[in-house]
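Student: Dropping in coords_35.txt, which is compact mmCIF, C-alpha atoms and all ligand atoms:
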# COMPACT_ATOMS: atom_id res chain seq x y z
CA MET A 1 23.29 12.77 -20.85
CA LEU A 2 21.81 9.50 -19.59
CA TYR A 3 24.50 7.58 -17.73
CA LEU A 4 24.13 3.82 -18.38
CA ASP A 5 27.58 2.63 -17.38
CA ASN A 6 26.94 1.87 -13.73
CA SER A 7 29.00 -1.33 -13.82
CA ALA A 8 32.04 0.88 -14.45
CA THR A 9 31.22 3.23 -11.60
CA THR A 10 28.27 5.00 -10.01
CA GLN A 11 27.28 8.46 -8.93
CA LEU A 12 27.78 9.28 -5.22
CA TYR A 13 24.63 9.34 -3.13
CA PRO A 14 24.39 13.01 -1.97
CA GLU A 15 24.21 11.74 1.63
CA VAL A 16 27.60 10.06 1.08
CA LYS A 17 29.21 13.32 0.04
CA ASP A 18 27.71 15.09 3.06
CA ALA A 19 28.98 12.37 5.40
CA MET A 20 32.49 12.58 3.94
CA LEU A 21 33.00 16.34 3.93
CA PRO A 22 33.77 16.86 7.65
CA TYR A 23 36.53 14.22 7.43
CA LEU A 24 38.18 16.17 4.61
CA MET A 25 38.10 19.34 6.69
CA GLU A 26 37.75 19.80 10.43
CA GLU A 27 37.82 16.10 11.43
CA TYR A 28 41.23 15.41 9.94
CA GLY A 29 42.66 13.25 12.74
CA ASN A 30 44.52 10.01 12.24
CA PRO A 31 42.44 7.20 13.79
CA SER A 32 45.63 5.48 14.97
CA SER A 33 46.50 8.48 17.16
CA LYS A 34 45.19 8.67 20.73
CA TYR A 35 43.54 10.81 23.41
CA TYR A 36 42.73 14.07 21.58
CA SER A 37 39.37 14.68 19.97
CA VAL A 38 40.06 14.72 16.20
CA ALA A 39 41.81 11.35 16.45
CA GLU A 40 39.10 9.84 18.66
CA ASN A 41 36.39 11.22 16.35
CA ALA A 42 38.08 9.69 13.32
CA LYS A 43 38.41 6.37 15.16
CA ALA A 44 34.72 6.42 16.10
CA ALA A 45 33.73 7.25 12.50
CA VAL A 46 35.78 4.31 11.15
CA LYS A 47 34.20 2.01 13.75
CA GLN A 48 30.71 3.05 12.71
CA ALA A 49 31.52 2.70 9.00
CA ARG A 50 32.96 -0.78 9.61
CA ASN A 51 29.74 -1.72 11.35
CA HIS A 52 27.61 -0.51 8.42
CA VAL A 53 29.67 -2.50 5.92
CA ALA A 54 29.58 -5.61 8.12
CA SER A 55 25.78 -5.29 8.41
CA LEU A 56 25.46 -4.98 4.64
CA LEU A 57 27.52 -8.13 4.11
CA GLY A 58 26.11 -10.05 7.06
CA CYS A 59 29.38 -10.66 8.86
CA GLU A 60 31.21 -9.48 11.99
CA ASP A 61 32.89 -6.07 12.20
CA SER A 62 36.26 -7.71 12.88
CA GLU A 63 36.00 -9.59 9.56
CA ILE A 64 36.12 -6.32 7.55
CA ILE A 65 39.53 -5.15 6.28
CA PHE A 66 39.52 -1.79 4.48
CA THR A 67 41.55 -1.67 1.26
CA SER A 68 41.76 0.68 -1.73
CA GLY A 69 39.20 -1.37 -3.65
CA SER A 70 38.51 -4.73 -5.24
CA THR A 71 41.73 -4.79 -7.26
CA GLU A 72 43.73 -4.65 -4.06
CA SER A 73 41.38 -7.04 -2.25
CA ASN A 74 41.66 -9.63 -5.03
CA ASN A 75 45.46 -9.32 -5.07
CA MET A 76 45.60 -9.46 -1.28
CA VAL A 77 43.64 -12.69 -1.02
CA ILE A 78 45.14 -14.63 -3.92
CA LYS A 79 48.77 -13.69 -3.28
CA GLY A 80 48.25 -13.77 0.48
CA VAL A 81 46.88 -17.33 0.52
CA ALA A 82 49.47 -18.56 -2.01
CA ASP A 83 52.27 -17.19 0.16
CA GLN A 84 50.85 -18.41 3.47
CA TYR A 85 50.05 -22.03 2.64
CA PRO A 86 52.86 -23.47 0.45
CA HIS A 87 53.09 -26.44 2.84
CA VAL A 88 49.46 -27.30 2.09
CA GLY A 89 49.62 -27.07 -1.71
CA ASN A 90 50.22 -24.93 -4.77
CA HIS A 91 46.99 -25.30 -6.75
CA ILE A 92 44.47 -22.50 -7.28
CA ILE A 93 41.18 -22.79 -9.16
CA THR A 94 39.48 -19.82 -10.81
CA THR A 95 37.44 -19.13 -13.95
CA LYS A 96 38.12 -17.82 -17.44
CA VAL A 97 35.75 -14.89 -16.91
CA GLU A 98 37.22 -13.21 -13.85
CA HIS A 99 38.11 -9.52 -13.72
CA PRO A 100 41.76 -8.84 -14.74
CA SER A 101 42.64 -8.14 -11.10
CA VAL A 102 42.05 -11.85 -10.46
CA LEU A 103 43.27 -13.22 -13.79
CA GLU A 104 46.51 -11.21 -13.91
CA THR A 105 47.28 -12.09 -10.27
CA CYS A 106 46.75 -15.76 -11.10
CA LYS A 107 49.01 -15.47 -14.16
CA TYR A 108 51.68 -13.85 -11.99
CA LEU A 109 51.53 -16.81 -9.60
CA GLU A 110 51.56 -19.26 -12.49
CA GLU A 111 54.86 -17.71 -13.61
CA LYS A 112 56.15 -18.24 -10.07
CA GLY A 113 55.39 -21.97 -10.34
CA TYR A 114 51.87 -22.25 -8.91
CA LYS A 115 49.43 -24.55 -10.69
CA LEU A 116 46.34 -22.75 -11.96
CA THR A 117 43.06 -24.15 -13.27
CA TYR A 118 40.81 -21.76 -15.21
CA LEU A 119 37.28 -23.19 -15.32
CA ASP A 120 35.25 -23.02 -18.53
CA VAL A 121 31.89 -21.29 -18.54
CA ASP A 122 28.57 -21.84 -20.31
CA GLN A 123 26.95 -19.51 -22.86
CA TYR A 124 26.07 -17.02 -20.11
CA GLY A 125 29.41 -17.09 -18.31
CA ARG A 126 28.54 -19.47 -15.45
CA ILE A 127 30.76 -22.27 -14.23
CA ASP A 128 29.75 -25.92 -13.97
CA VAL A 129 29.98 -26.98 -10.32
CA GLN A 130 30.65 -30.57 -11.34
CA GLN A 131 33.79 -29.45 -13.20
CA LEU A 132 34.85 -27.51 -10.10
CA GLU A 133 34.38 -30.60 -7.92
CA GLU A 134 36.46 -32.71 -10.30
CA GLU A 135 39.31 -30.19 -10.33
CA ILE A 136 39.74 -29.91 -6.55
CA SER A 137 42.69 -31.97 -5.33
CA ASP A 138 44.62 -32.31 -2.08
CA GLN A 139 46.96 -29.63 -3.50
CA THR A 140 44.18 -27.03 -3.88
CA ILE A 141 44.64 -24.07 -1.54
CA LEU A 142 42.11 -21.63 -2.98
CA VAL A 143 39.01 -21.50 -5.17
CA SER A 144 38.27 -17.99 -6.48
CA ILE A 145 34.97 -17.59 -8.35
CA ILE A 146 33.36 -14.32 -9.42
CA TRP A 147 29.88 -13.95 -7.88
CA GLY A 148 28.25 -11.80 -10.57
CA ASN A 149 29.78 -11.08 -13.96
CA ASN A 150 30.56 -7.46 -14.83
CA GLU A 151 29.84 -7.85 -18.55
CA LEU A 152 26.88 -10.23 -18.61
CA GLY A 153 25.43 -9.89 -15.13
CA SER A 154 25.19 -13.70 -14.73
CA LEU A 155 25.32 -14.96 -11.17
CA ASN A 156 27.42 -18.02 -10.43
CA PRO A 157 26.00 -20.79 -8.22
CA ILE A 158 27.94 -19.43 -5.23
CA LYS A 159 25.95 -21.36 -2.63
CA GLU A 160 26.92 -24.66 -4.27
CA VAL A 161 30.52 -23.51 -4.81
CA ALA A 162 30.80 -22.57 -1.13
CA GLU A 163 29.34 -25.93 -0.11
CA ILE A 164 31.79 -27.86 -2.30
CA CYS A 165 34.70 -25.87 -0.85
CA ARG A 166 33.48 -26.54 2.69
CA GLU A 167 33.12 -30.28 2.04
CA ASN A 168 36.69 -30.32 0.71
CA ASN A 169 38.15 -28.05 3.44
CA VAL A 170 39.38 -25.58 0.80
CA PHE A 171 39.45 -21.80 1.19
CA MET A 172 37.04 -19.97 -1.09
CA HIS A 173 37.21 -16.40 -2.36
CA THR A 174 34.56 -14.57 -4.34
CA ASP A 175 34.80 -11.29 -6.21
CA ALA A 176 31.45 -9.72 -5.29
CA THR A 177 32.25 -6.28 -6.74
CA GLN A 178 29.30 -6.16 -9.10
CA ILE A 179 26.57 -7.61 -6.92
CA ILE A 180 26.72 -5.31 -3.91
CA GLY A 181 23.75 -2.97 -3.93
CA LYS A 182 21.98 -5.05 -6.58
CA VAL A 183 21.69 -8.48 -4.98
CA GLY A 184 21.26 -8.88 -1.21
CA ILE A 185 23.85 -11.07 0.50
CA GLU A 186 24.13 -12.46 4.01
CA LEU A 187 27.55 -14.04 4.50
CA SER A 188 26.47 -15.92 7.61
CA GLU A 189 24.39 -18.08 5.25
CA TYR A 190 27.51 -19.04 3.27
CA PRO A 191 29.81 -20.79 5.74
CA GLY A 192 32.07 -21.95 2.90
CA ILE A 193 33.08 -18.41 1.85
CA THR A 194 36.41 -17.50 3.43
CA PHE A 195 37.13 -14.27 1.54
CA LEU A 196 35.13 -11.68 -0.44
CA SER A 197 36.14 -8.51 -2.31
CA CYS A 198 34.13 -5.37 -3.04
CA SER A 199 34.54 -1.69 -3.99
CA ALA A 200 32.45 1.21 -2.67
CA HIS A 201 32.23 3.10 -5.97
CA LYS A 202 30.08 0.36 -7.48
CA PHE A 203 27.29 1.11 -5.00
CA HIS A 204 27.26 4.90 -4.90
CA GLY A 205 30.23 5.30 -2.57
CA PRO A 206 33.59 6.95 -3.28
CA LYS A 207 36.38 5.58 -5.46
CA GLY A 208 39.60 4.27 -3.95
CA ILE A 209 38.02 2.38 -1.06
CA GLY A 210 36.91 -1.22 -0.72
CA VAL A 211 36.86 -4.14 1.61
CA THR A 212 38.21 -7.63 1.97
CA PHE A 213 35.99 -9.85 4.08
CA ILE A 214 38.17 -12.37 5.86
CA LYS A 215 36.30 -15.01 7.82
CA LYS A 216 37.74 -15.16 11.31
CA ASP A 217 37.95 -18.94 11.56
CA GLN A 218 37.65 -21.42 8.76
CA TYR A 219 37.65 -25.17 9.35
CA GLY A 220 38.39 -24.67 13.02
CA ILE A 221 41.52 -22.55 12.65
CA PRO A 222 42.05 -18.76 12.46
CA THR A 223 42.31 -17.63 8.83
CA LYS A 224 45.73 -16.20 8.05
CA ILE A 225 47.04 -14.53 4.92
CA THR A 226 50.36 -12.86 4.19
CA PRO A 227 49.86 -9.06 3.98
CA LEU A 228 50.32 -7.31 0.67
CA LEU A 229 51.45 -4.16 2.50
CA HIS A 230 53.69 -4.32 5.55
CA GLY A 231 54.03 -1.35 7.88
CA GLY A 232 52.34 0.17 10.91
CA GLY A 233 50.02 -2.77 11.50
CA GLN A 234 46.66 -1.11 10.81
CA GLU A 235 43.69 -3.32 9.97
CA GLN A 236 44.82 -6.15 12.26
CA GLY A 237 48.25 -6.13 10.65
CA ILE A 238 46.73 -7.37 7.38
CA ARG A 239 46.69 -3.99 5.60
CA SER A 240 49.08 -1.38 6.89
CA GLY A 241 48.81 2.31 6.01
CA THR A 242 47.01 5.31 7.51
CA LEU A 243 43.30 4.76 7.04
CA ALA A 244 41.56 6.86 4.36
CA VAL A 245 39.00 8.06 6.89
CA GLN A 246 36.89 10.20 4.53
CA ASN A 247 36.61 7.30 2.05
CA ILE A 248 35.84 4.79 4.77
CA VAL A 249 33.11 7.08 6.11
CA GLY A 250 31.76 7.41 2.55
CA MET A 251 31.75 3.64 2.09
CA GLY A 252 30.02 3.20 5.44
CA LYS A 253 27.29 5.68 4.48
CA ALA A 254 26.81 4.04 1.07
CA ALA A 255 26.56 0.65 2.82
CA GLU A 256 24.00 1.98 5.30
CA ILE A 257 21.82 3.42 2.52
CA THR A 258 22.25 0.29 0.42
CA SER A 259 21.08 -1.93 3.30
CA GLU A 260 17.94 0.19 3.64
CA ARG A 261 17.18 0.28 -0.10
CA ILE A 262 18.37 -3.10 -1.35
CA VAL A 263 14.93 -4.65 -1.86
CA GLU A 264 13.56 -1.52 -3.53
CA ASN A 265 16.69 -1.08 -5.69
CA GLN A 266 16.60 -4.70 -6.81
CA ARG A 267 12.95 -4.38 -7.85
CA LYS A 268 13.57 -1.06 -9.57
CA LEU A 269 16.56 -2.35 -11.52
CA SER A 270 14.62 -5.44 -12.70
CA GLU A 271 11.73 -3.26 -13.88
CA LEU A 272 14.07 -0.86 -15.67
CA GLU A 273 15.89 -3.76 -17.30
CA ASN A 274 12.63 -5.31 -18.56
CA TYR A 275 11.46 -1.93 -19.81
CA LEU A 276 14.69 -1.16 -21.68
CA THR A 277 14.82 -4.69 -23.11
CA GLN A 278 11.32 -4.25 -24.51
CA ILE A 279 12.10 -0.82 -25.99
CA LEU A 280 15.20 -2.20 -27.70
CA LYS A 281 13.38 -5.28 -29.01
CA ASN A 282 10.56 -3.14 -30.42
CA LYS A 283 12.96 -0.66 -31.99
CA PHE A 284 15.66 -2.92 -33.38
CA GLY A 285 13.89 -6.31 -33.78
CA ASN A 286 16.19 -8.92 -35.26
CA GLN A 287 19.06 -6.46 -35.73
CA ILE A 288 19.99 -7.11 -32.12
CA LEU A 289 20.85 -10.22 -30.11
CA PHE A 290 21.06 -10.38 -26.31
CA ASN A 291 24.18 -12.02 -24.87
CA ASN A 292 22.87 -11.98 -21.31
CA ASP A 293 20.54 -14.50 -19.70
CA VAL A 294 17.18 -13.19 -18.48
CA LYS A 295 17.14 -15.03 -15.16
CA ASN A 296 19.54 -15.67 -12.32
CA LYS A 297 21.43 -12.47 -12.98
CA ILE A 298 22.33 -9.10 -11.50
CA PRO A 299 19.38 -6.87 -12.39
CA GLY A 300 20.24 -3.93 -14.62
CA ILE A 301 23.10 -5.30 -16.74
CA ILE A 302 22.32 -5.86 -20.43
CA SER A 303 24.78 -7.03 -23.09
CA ILE A 304 23.63 -6.72 -26.71
CA GLN A 305 25.05 -7.40 -30.15
CA PHE A 306 24.06 -4.77 -32.73
CA SER A 307 24.64 -6.78 -35.88
CA GLY A 308 26.98 -5.24 -38.42
CA VAL A 309 27.79 -2.26 -36.19
CA ASN A 310 31.18 -1.38 -34.72
CA ASN A 311 30.67 -0.96 -30.98
CA GLU A 312 33.31 1.76 -30.53
CA LEU A 313 31.73 3.89 -33.24
CA LEU A 314 28.31 3.26 -31.74
CA VAL A 315 29.42 4.25 -28.22
CA LYS A 316 31.01 7.39 -29.63
CA SER A 317 27.95 8.34 -31.63
CA LEU A 318 25.67 7.75 -28.64
CA SER A 319 27.93 9.62 -26.25
CA PRO A 320 26.27 13.06 -26.41
CA VAL A 321 23.02 11.53 -25.15
CA ILE A 322 23.79 8.11 -23.64
CA ALA A 323 26.88 6.83 -21.84
CA ALA A 324 27.27 3.11 -22.59
CA SER A 325 30.21 0.74 -22.73
CA THR A 326 31.82 -1.59 -25.24
CA GLY A 327 32.56 -3.99 -22.39
CA SER A 328 34.24 -3.60 -19.07
CA ALA A 329 35.80 -0.18 -18.46
CA CYS A 330 39.23 -1.55 -17.64
CA SER A 331 39.83 -3.55 -20.80
CA SER A 332 37.68 -1.92 -23.45
CA SER A 333 40.54 -1.65 -25.95
CA LYS A 334 41.12 -5.42 -26.06
CA PRO A 335 38.39 -7.78 -27.27
CA SER A 336 36.54 -8.98 -24.18
CA HIS A 337 37.88 -12.24 -22.72
CA VAL A 338 34.47 -12.78 -21.13
CA LEU A 339 32.59 -12.64 -24.43
CA LYS A 340 35.28 -14.84 -26.01
CA SER A 341 34.84 -17.39 -23.22
CA ILE A 342 31.10 -17.66 -23.89
CA GLY A 343 31.85 -18.51 -27.52
CA LEU A 344 31.39 -15.21 -29.36
CA ASP A 345 33.56 -14.57 -32.42
CA ILE A 346 35.51 -11.35 -32.91
CA GLN A 347 32.76 -9.86 -35.09
CA GLN A 348 30.14 -10.48 -32.42
CA ILE A 349 32.41 -9.10 -29.69
CA ARG A 350 33.14 -5.98 -31.73
CA SER A 351 29.41 -5.34 -32.11
CA THR A 352 28.51 -5.73 -28.42
CA LEU A 353 27.40 -2.93 -26.15
CA ARG A 354 26.76 -3.06 -22.40
CA PHE A 355 24.12 -0.95 -20.72
CA SER A 356 24.24 -0.99 -16.92
CA LEU A 357 21.39 0.72 -15.14
CA SER A 358 20.97 2.61 -11.90
CA PRO A 359 18.10 2.84 -9.42
CA LEU A 360 18.58 6.62 -9.61
CA ILE A 361 16.93 6.78 -13.04
CA ASN A 362 13.36 6.02 -14.09
CA GLN A 363 11.42 4.71 -17.10
CA ASN A 364 10.91 8.22 -18.46
CA ASP A 365 14.68 8.65 -18.76
CA LEU A 366 14.82 5.52 -20.94
CA GLN A 367 12.39 7.08 -23.43
CA ILE A 368 15.48 8.65 -24.98
CA PHE A 369 15.99 5.34 -26.83
CA GLN A 370 12.75 5.98 -28.73
CA GLN A 371 14.35 9.05 -30.29
CA LEU A 372 17.45 7.29 -31.64
N1 LIG A 401 36.15 -7.01 -9.98
C1 LIG A 401 35.10 -6.73 -10.77
C2 LIG A 401 34.12 -7.79 -11.09
C3 LIG A 401 34.95 -5.43 -11.29
O1 LIG A 401 33.93 -5.16 -12.08
C4 LIG A 401 35.93 -4.45 -10.96
C5 LIG A 401 35.84 -3.08 -11.54
O2 LIG A 401 35.29 -2.85 -12.59
C6 LIG A 401 37.00 -4.81 -10.11
C7 LIG A 401 37.07 -6.10 -9.64
C8 LIG A 401 38.04 -3.82 -9.72
O3 LIG A 401 37.51 -2.83 -8.90
P1 LIG A 401 38.37 -1.50 -8.58
O4 LIG A 401 38.72 -0.90 -9.91
O5 LIG A 401 37.42 -0.67 -7.78
O6 LIG A 401 39.57 -1.93 -7.82
So, in terms of structure tokens, how does the structure I just supplied come out?

Tutor:
Amino acid sequence: MLYLDNSATTQLYPEVKDAMLPYLMEEYGNPSSKYYSVAENAKAAVKQARNHVASLLGCEDSEIIFTSGSTESNNMVIKGVADQYPHVGNHIITTKVEHPSVLETCKYLEEKGYKLTYLDVDQYGRIDVQQLEEEISDQTILVSIIWGNNELGSLNPIKEVAEICRENNVFMHTDATQIIGKVGIELSEYPGITFLSCSAHKFHGPKGIGVTFIKKDQYGIPTKITPLLHGGGQEQGIRSGTLAVQNIVGMGKAAEITSERIVENQRKLSELENYLTQILKNKFGNQILFNNDVKNKIPGIISIQFSGVNNELLVKSLSPVIAASTGSACSSSKPSHVLKSIGLDIQQIRSTLRFSLSPLINQNDLQIFQQL
């Protein structure tokens, strides 16, 4: 079976599995313990992994907080800022096309009395920076904008967003879950970004581990958020709980490999995307319509309407040979809010399929589409 659902999750790099195994077996120490070897080894492994993730993101090691993944990181930042800065304001700006872990957290806060603005998007799911600028007020405590969309691949103008936030002295968060490993980032070039979320399993690391980047100082003061989890004070007191050493080591290894291969992977994914696009155009002609833009996007994510076809039936019928998706993995039973936000009607949404590629496949693998 050809796996083309890499936006849902990815296969582990074999090197990641090998790096993790000792920490599931003989190196089982708790990194918060002291003086004896298995604890010190675990601590050293976490330190190294933190350094690999920080290098991948272009930030300092101390700005990396390990979490269970992007869902937790998104919750941590949005709830944590809302709780920490009520004296500054109660207004949060986000978009209509965020992942549910952002949208549902925002709805929760809205029910608690916070004021939320959900920015509109264009036909490819990108925000208008002018609208963002107009919405920022002296009550705004956080702007949370997805970097790259999980259903369409479109990249938001994050540089401009970060600049607007900086000019207005407002904290900015970005959900970067989908771009890591596919688009190179260097956080030191984005001084306006205060927080970022990502998950290891989207770039060939293990599931259940992710990171929140928290910029040490923003606008001249140390960045503070209220913890989601209180307890033993791990992760600088921001995320308590015994560290999942084997997962952290796996994320570190995936980050190290990703840093080495990012340019090659980006090129490979673009080539594969162009190749698959051409095959599909040749085969299906005007029976298909592409929802995604061709430029300024995460390479390797394609969203297509197959006119007159039910996407669930199509995914099922393809499943023995190709694994594809009717949308995002987490909300595939509901019509996609992302596709709705770009103006698609229910018929068009119900006929849309997403293919998300991996640098671990090649053009020969995609020949399978010729046989459909
Ligand atoms: N944000 C985006 C854009 C995603 O695509 C996902 C997962 O699909 C998440 C957040 C949540 O990540 P996780 O399920 O690893 O917590």

Student: If we count all atoms listed in the file and set the cut-off at 10 Å, which residues sit around Ser144 in chain A, ignoring sequence neighbours fewer than 4 positions away in its own chain? Please answer as a list in words.

Tutor: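 So, after excluding close chain neighbours, the residues are Asn74, Val77, Ile78, Ile92, Ile93, Thr94, Thr95, Glu98, Val102, Cys106, Tyr118, Val161, Phe171, Met172, His173, Thr174, Asp175, Ile193, Phe195 and Leu196 of chain A.
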
Student: Kindly provide, as a count of residues only, all nucleotide and amino acid residues lying within 9 Å of ligand LIG 401 (chain A), counting only C-alpha atoms and all ligand atoms.

Tutor: 39

Student: Under the rule that all atoms listed in the file are counted, which of A:Cys59, A:Phe290, A:Thr223, A:Glu312 is the nearest residue to Tyr190 in chain A?

Tutor: A:Cys59

Student: Smallest atom-to-atom distance to Ile298 in chain A: which of A:Met25, A:Leu228, A:Ile180, A:Ile145, using all atoms listed in the file?

Tutor: A:Ile180

Student: Return the single residue from A:Ile342, A:Gln363, A:Gln234, A:Lys283 that is closest to Ile127 in chain A, with distances computed using all atoms listed in the file.

Tutor: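 Of A:Ile342, A:Gln363, A:Gln234, A:Lys283, the one nearest Ile127 in chain A is A:Ile342, counting all atoms listed in the file.
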
Student: Would you compute the distance between CA of Gly184 in chain A and CA of Tyr13 in chain A? Give it in Å to one decimal.

Tutor: 18.6 Å

Student: Work out how far CA of Asp365 in chain A is from CA of Phe306 in chain A, in Å to one decimal.

Tutor: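 Separation between CA of Phe306 in chain A and CA of Asp365 in chain A: 21.5 Å.
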
Student: Which one of A:Leu4, A:Leu57, A:Val245, A:Leu372 sits closest to Ser356 in chain A if you count all atoms listed in the file?

Tutor: A:Leu4

Student: May I have the residues within 12 Å of Pro222 in chain A as a PDB file with C-alpha atoms, in the coordinates of the input, using only C-alpha atoms and disregarding those fewer than 4 positions away in the same chain?

Tutor:
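In the end it all went to out.pdb:
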ATOM      1  CA  GLU A  63      36.000  -9.590   9.560  1.00  0.00           C
ATOM      2  CA  PHE A 171      39.450 -21.800   1.190  1.00  0.00           C
ATOM      3  CA  THR A 194      36.410 -17.500   3.430  1.00  0.00           C
ATOM      4  CA  ILE A 214      38.170 -12.370   5.860  1.00  0.00           C
ATOM      5  CA  LYS A 215      36.300 -15.010   7.820  1.00  0.00           C
ATOM      6  CA  LYS A 216      37.740 -15.160  11.310  1.00  0.00           C
ATOM      7  CA  ASP A 217      37.950 -18.940  11.560  1.00  0.00           C
ATOM      8  CA  GLN A 218      37.650 -21.420   8.760  1.00  0.00           C
TER       9      GLN A 218
END

Student: Can you tell me, as a PyMOL selection string, what residues are no more than 10 Å from range 275-278 of chain A when counting all atoms listed in the file, ignoring any on the same chain fewer than 4 positions away?

Tutor: chain A and resi 269-271+282-285+290+294+300+302+304+355+357+362-363+366-367+369

Student: May I have the centre and edge lengths, in Å to one decimal, of an axis-aligned box around the listed atoms of range 258-262 of chain A with 4 Å added to every side, as AutoDock Vina command-line options?

Tutor:
--center_x 19.7 --center_y -1.4 --center_z 1.1 --size_x 13.1 --size_y 11.4 --size_z 13.0

Student: Can you tell me how far CA of Val121 in chain A sits from CA of Lys96 in chain A, in Å to one decimal?

Tutor: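 Result for CA of Val121 in chain A versus CA of Lys96 in chain A: 7.2 Å, one decimal.
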
Student: Could you list as a list in words every residue that has an atom within 10 Å of (49.8, -14.5, -8.8), using the file's coordinates and counting only C-alpha atoms?

Tutor: Asn75, Met76, Ile78, Lys79, Gly80, Ala82, Asp83, Ile92, Ser101, Val102, Leu103, Glu104, Thr105, Cys106, Lys107, Tyr108, Leu109, Glu110, Glu111, Lys112, Gly113, Tyr114 and Leu116 of chain A

Student: Could you write out that same residue set with C-alpha atoms as a CSV table (one decimal), in the frame of the given file?

Tutor:
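As a result, result06.csv now contains:
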chain,number,residue,atom,x,y,z
A,75,ASN,CA,45.5,-9.3,-5.1
A,76,MET,CA,45.6,-9.5,-1.3
A,78,ILE,CA,45.1,-14.6,-3.9
A,79,LYS,CA,48.8,-13.7,-3.3
A,80,GLY,CA,48.2,-13.8,0.5
A,82,ALA,CA,49.5,-18.6,-2.0
A,83,ASP,CA,52.3,-17.2,0.2
A,92,ILE,CA,44.5,-22.5,-7.3
A,101,SER,CA,42.6,-8.1,-11.1
A,102,VAL,CA,42.0,-11.8,-10.5
A,103,LEU,CA,43.3,-13.2,-13.8
A,104,GLU,CA,46.5,-11.2,-13.9
A,105,THR,CA,47.3,-12.1,-10.3
A,106,CYS,CA,46.8,-15.8,-11.1
A,107,LYS,CA,49.0,-15.5,-14.2
A,108,TYR,CA,51.7,-13.8,-12.0
A,109,LEU,CA,51.5,-16.8,-9.6
A,110,GLU,CA,51.6,-19.3,-12.5
A,111,GLU,CA,54.9,-17.7,-13.6
A,112,LYS,CA,56.2,-18.2,-10.1
A,113,GLY,CA,55.4,-22.0,-10.3
A,114,TYR,CA,51.9,-22.2,-8.9
A,116,LEU,CA,46.3,-22.8,-12.0

Student: Considering only C-alpha atoms, return as a PyMOL selection string whatever protein or nucleic-acid residues lie within 10 Å of Ile238 in chain A, sequence-local ones (same chain, fewer than 4 positions apart) excluded.

Tutor: chain A and resi 65-67+76+80+224-231+233-234
